[in-house]
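File shown here: structure.txt, holding compact mmCIF, C-alpha atoms.
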# COMPACT_ATOMS: atom_id res chain seq x y z
CA HIS A 1 0.00 0.00 0.00
CA PHE A 2 2.84 2.38 0.85
CA MET A 3 4.53 1.87 -2.55
CA THR A 4 1.38 2.43 -4.63
CA ASN A 5 0.64 5.74 -2.90
CA SER A 6 4.15 7.16 -3.12
CA SER A 7 6.09 8.84 -5.89
CA PHE A 8 9.86 8.94 -6.28
CA GLU A 9 11.72 11.33 -8.52
CA ASN A 10 15.50 11.16 -8.80
CA SER A 11 17.61 14.32 -8.87
CA LEU A 12 18.24 14.19 -12.66
CA VAL A 13 14.50 14.02 -13.45
CA ALA A 14 13.76 16.78 -10.90
CA GLU A 15 16.46 19.03 -12.42
CA ASP A 16 15.17 18.40 -15.96
CA ASN A 17 11.58 19.21 -14.90
CA ILE A 18 12.71 22.50 -13.33
CA LYS A 19 14.56 23.52 -16.53
CA ASN A 20 11.57 22.67 -18.73
CA SER A 21 9.10 24.53 -16.56
CA ASN A 22 11.27 27.68 -16.68
CA ASN A 23 11.36 27.84 -20.51
CA VAL A 24 8.99 30.52 -21.78
CA PHE A 25 8.26 31.21 -25.44
CA ASP A 26 6.47 34.08 -27.13
CA VAL A 27 5.04 32.97 -30.47
CA ASP A 28 2.90 34.70 -33.09
CA PHE A 29 1.30 32.63 -35.82
CA VAL A 30 -1.39 32.74 -38.46
CA MET A 31 -3.57 29.73 -39.13
CA VAL A 32 -5.21 29.23 -42.52
CA PRO A 33 -7.74 26.38 -42.73
CA PHE A 34 -6.68 23.86 -45.34
CA VAL A 35 -10.13 23.86 -46.92
CA ASP A 36 -9.74 27.56 -47.78
CA ALA A 37 -6.41 27.05 -49.51
CA GLU A 38 -6.78 26.70 -53.24
CA ASP A 39 -4.16 24.52 -54.84
CA GLU A 40 -4.54 23.92 -58.55
CA THR A 41 -1.82 21.28 -58.39
CA ILE A 42 -4.14 18.94 -56.47
CA VAL A 43 -6.19 17.06 -59.03
CA VAL A 44 -8.34 14.09 -58.06
CA THR A 45 -9.16 11.86 -61.01
CA GLU A 46 -12.29 9.79 -61.61
CA ASP A 47 -10.14 6.65 -61.38
CA GLU A 48 -8.86 7.68 -57.92
CA ILE A 49 -12.42 8.34 -56.75
CA LYS A 50 -13.57 4.93 -58.05
CA GLU A 51 -10.56 3.21 -56.47
CA TYR A 52 -11.31 4.85 -53.08
CA TYR A 53 -15.00 3.93 -53.37
CA ASP A 54 -14.18 0.28 -54.15
CA ALA A 55 -11.60 0.06 -51.33
CA HIS A 56 -13.99 1.58 -48.74
CA LYS A 57 -17.29 0.17 -49.98
CA ASN A 58 -18.36 -0.90 -46.49
CA LEU A 59 -18.66 2.82 -45.62
CA PHE A 60 -21.31 3.26 -48.30
CA LYS A 61 -23.59 0.34 -47.44
CA SER A 62 -27.19 1.37 -46.99
CA GLN A 63 -30.10 -0.13 -45.07
CA ASP A 64 -33.49 -1.12 -46.43
CA THR A 65 -35.72 1.88 -45.85
CA ARG A 66 -39.09 3.12 -46.99
CA THR A 67 -40.33 6.68 -46.71
CA ILE A 68 -44.03 7.36 -46.50
CA ASP A 69 -46.43 10.25 -46.26
CA TYR A 70 -49.55 9.41 -44.33
CA ILE A 71 -52.65 10.74 -42.70
CA LEU A 72 -53.76 9.56 -39.30
CA VAL A 73 -57.35 10.13 -38.23
CA GLU A 74 -58.22 9.63 -34.58
CA LEU A 75 -61.49 7.75 -34.45
CA ASP A 76 -64.21 8.93 -32.12
CA THR A 77 -65.66 5.82 -30.48
CA VAL A 78 -69.20 7.16 -31.01
CA ASP A 79 -68.87 7.76 -34.74
CA VAL A 80 -66.28 5.22 -35.96
CA GLU A 81 -68.27 3.96 -38.94
CA PHE A 82 -69.04 7.45 -40.22
CA GLN A 83 -65.41 8.56 -39.92
CA ALA A 84 -64.11 5.40 -41.61
CA ALA A 85 -66.59 5.81 -44.47
CA LYS A 86 -65.53 9.45 -44.90
CA VAL A 87 -61.81 8.56 -45.10
CA ASP A 88 -62.57 5.74 -47.53
CA SER A 89 -64.65 8.01 -49.75
CA VAL A 90 -61.93 10.69 -49.86
CA PHE A 91 -59.15 8.31 -50.89
CA THR A 92 -61.02 5.64 -52.90
CA ASN A 93 -60.19 6.98 -56.37
CA ILE A 94 -56.78 8.44 -55.59
CA ARG A 95 -54.18 7.04 -57.97
CA ASN A 96 -51.07 9.23 -57.62
CA ALA A 97 -48.96 11.17 -55.14
CA GLU A 98 -50.19 14.62 -56.18
CA ASP A 99 -53.84 13.65 -55.77
CA PHE A 100 -53.09 11.99 -52.42
CA LYS A 101 -51.50 15.15 -51.05
CA LYS A 102 -54.24 17.36 -52.50
CA ALA A 103 -56.99 15.16 -50.99
CA ALA A 104 -55.30 15.34 -47.58
CA VAL A 105 -55.02 19.15 -47.69
CA ASP A 106 -58.52 19.70 -49.15
CA ASN A 107 -60.08 17.60 -46.38
CA ASP A 108 -58.04 19.13 -43.54
CA TYR A 109 -56.10 15.95 -42.82
CA PHE A 110 -52.65 16.58 -41.41
CA LEU A 111 -50.07 15.00 -43.71
CA GLU A 112 -47.13 13.48 -41.85
CA SER A 113 -43.95 11.74 -43.04
CA ALA A 114 -41.98 8.80 -41.66
CA THR A 115 -38.92 6.77 -42.54
CA LEU A 116 -39.29 3.06 -41.85
CA VAL A 117 -36.13 0.97 -41.38
CA MET A 118 -36.21 -2.76 -42.11
CA GLY A 119 -35.65 -4.78 -38.96
CA SER A 120 -35.88 -1.81 -36.62
CA ASP A 121 -37.83 -2.41 -33.41
CA ARG A 122 -37.97 1.30 -32.71
CA LEU A 123 -41.37 2.80 -33.48
CA GLU A 124 -40.77 6.40 -34.52
CA SER A 125 -44.42 7.19 -35.03
CA VAL A 126 -47.86 5.71 -34.68
CA ALA A 127 -47.76 4.96 -38.43
CA ASN A 128 -44.68 2.78 -37.98
CA THR A 129 -46.69 -0.24 -36.89
CA GLU A 130 -46.23 -3.80 -38.03
CA ASN A 131 -48.99 -3.70 -40.66
CA VAL A 132 -47.89 -0.39 -42.17
CA THR A 133 -44.26 -1.53 -42.20
CA LYS A 134 -45.15 -4.86 -43.85
CA TRP A 135 -47.12 -3.03 -46.52
CA ALA A 136 -44.33 -0.50 -47.14
CA PHE A 137 -41.63 -3.16 -47.52
CA LYS A 138 -43.81 -5.29 -49.77
CA GLU A 139 -43.94 -2.33 -52.18
CA SER A 140 -40.92 -1.00 -54.01
CA GLU A 141 -42.16 1.82 -56.23
CA ALA A 142 -42.80 5.34 -55.03
CA GLY A 143 -46.35 6.55 -55.59
CA VAL A 144 -48.17 3.41 -54.36
CA ILE A 145 -51.08 4.17 -52.02
CA SER A 146 -52.05 1.78 -49.24
CA THR A 147 -55.45 0.56 -48.21
CA THR A 148 -56.67 1.92 -44.90
CA PHE A 149 -55.16 0.60 -41.67
CA ASN A 150 -56.87 0.46 -38.31
CA ILE A 151 -54.36 1.21 -35.57
CA SER A 152 -54.74 1.09 -31.80
CA ASP A 153 -52.45 3.04 -29.50
CA GLY A 154 -53.47 2.36 -25.94
CA ASP A 155 -56.97 3.76 -25.42
CA LYS A 156 -57.06 5.54 -28.78
CA SER A 157 -57.96 4.15 -32.20
CA TYR A 158 -56.82 5.58 -35.50
CA MET A 159 -57.36 5.07 -39.18
CA ALA A 160 -54.33 5.56 -41.40
CA ILE A 161 -53.68 5.61 -45.11
CA ALA A 162 -50.19 5.96 -46.55
CA LEU A 163 -48.38 6.91 -49.73
CA LEU A 164 -45.00 5.33 -50.46
CA THR A 165 -42.68 8.21 -51.34
CA GLY A 166 -39.34 6.38 -51.50
CA ALA A 167 -37.83 2.89 -51.45
CA ASN A 168 -34.18 2.08 -50.76
CA ASP A 169 -33.13 -1.56 -50.79
CA THR A 170 -29.93 -2.87 -49.26
CA GLY A 171 -26.98 -2.19 -51.43
CA TYR A 172 -24.42 0.52 -51.79
CA ALA A 173 -24.95 4.20 -52.31
CA PRO A 174 -24.38 4.91 -56.01
CA LEU A 175 -21.14 6.65 -56.93
CA GLU A 176 -22.70 9.90 -58.07
CA GLY A 177 -23.53 13.44 -57.00
CA GLU A 178 -22.73 14.36 -53.41
CA LEU A 179 -20.89 11.09 -52.74
CA VAL A 180 -18.39 11.85 -55.54
CA SER A 181 -17.83 15.34 -54.09
CA GLU A 182 -17.36 13.91 -50.59
CA ILE A 183 -14.75 11.37 -51.76
CA GLU A 184 -13.01 14.06 -53.81
CA ARG A 185 -12.70 16.25 -50.67
CA VAL A 186 -11.27 13.33 -48.68
CA LEU A 187 -8.68 12.58 -51.38
CA SER A 188 -7.79 16.28 -51.79
CA ASN A 189 -7.16 16.57 -48.06
CA GLU A 190 -4.99 13.46 -48.09
Can you present the structure in this file as structure tokens?
Amino acid sequence: HFMTNSSFENSLVAEDNIKNSNNVFDVDFVMVPFVDAEDETIVVTEDEIKEYYDAHKNLFKSQDTRTIDYILVELDTVDVEFQAAKVDSVFTNIRNAEDFKKAAVDNDYFLESATLVMGSDRLESVANTENVTKWAFKESEAGVISTTFNISDGDKSYMAIALLTGANDTGYAPLEGELVSEIERVLSNE
């Protein structure tokens, strides 16, 4: 116990520490962020970008996701049938995304959005329920409109209808656009 709580410093180390602690420097400097420095000699080629992408492909792996727009109508226990019939009548003949959004706005339904992640147990919204998620992942083309879903959340009941706005299946982010720019910045900095 005595040895672990003690410290020993020989005279050479003590002398060196005293010298170092008495050195004082006065320095002026200017710092220019590297990103602001323009250097025309740095050229990143398409081949270098592709080579980096191929070598680091695991960084660009994406998850299965679906994005949806949806309306959620809280059902009044007294008038459930009337409300359900009204929602059905509004969306029965809707065939595209523009009409879906217009119908929601024209009928004072609040349009919400959600991103659903395959295999995620985390429910980010009431719309991210098992039935809605199953429907969304069964579909793969944006613009598909669901049938109506009956959803219970504790004491409350809802009716939901959704529009698939995006589908991303497992794979790798394509080497285009912002990803090319991002890799180019990384290689320029290196």
Spatial neighbours of Ile151 of chain A, 8 Å, only C-alpha atoms, chain gap at least 5 places, as a PyMOL selection string: chain A and resi 126+129+157-160
Distance atom CA of Phe137 of chain A-atom CA of Ser113 of chain A, one decimal place? 15.7 Å
Separation of atom CA of Glu81 of chain A from atom CA of Ala162 of chain A in Å: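 Distance reported for this atom pair: 19.7 Å.
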Once you count all atoms listed in the file, which residues end up no further than 12 Å from (-44.4, -1.4, -45.8) in the file's frame, shown as a PyMOL selection string? chain A and resi 64-69+114-119+127-142+144-147+149+161-168
Looking at all atoms listed in the file, which of A:Glu51, A:Lys57, A:Val27, A:Thr148 is the one that sits closest to Ala85 of chain A?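 Of A:Glu51, A:Lys57, A:Val27, A:Thr148, the one nearest Ala85 of chain A, counting all atoms listed in the file, is A:Thr148.
Of the residues under consideration (A:Asp26, A:Asp153, A:Glu184, A:Glu48), A:Asp153 shows the shortest atom-to-atom contact distance to Leu75 of chain A when counting all atoms listed in the file.
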Atom CA of Glu74 of chain A to atom CA of Val90 of chain A measures 15.8 Å
Report as AutoDock Vina command-line options the centre and the edge lengths, in Å to one decimal, of the axis-aligned box holding every listed atom of segment 52-65 of chain A, padded by 6 Å on each side.
--center_x -23.5 --center_y 1.9 --center_z -49.6 --size_x 36.4 --size_y 18.0 --size_z 21.1
Quick one: everything within 9 Å of Val44 of chain A, counting only C-alpha atoms, minus sequence neighbours fewer than 6 positions away in the same chain. Send it as a list in words.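 Close residues of Val44 of chain A: Glu184, Arg185, Leu187 and Ser188 of chain A.
Compared by their closest atoms to Gln83 of chain A, and using only C-alpha atoms, the residues A:Asn10, A:Asn96, A:Asn150, A:Thr170 rank with A:Asn150 nearest.
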Write out as an NGL selection string which residues come within 12 Å of Glu182 of chain A when counting only C-alpha atoms, dropping same-chain ones fewer than 5 positions away. :A and (44 or 49 or 52-53 or 60 or 175-177 or 187-189)
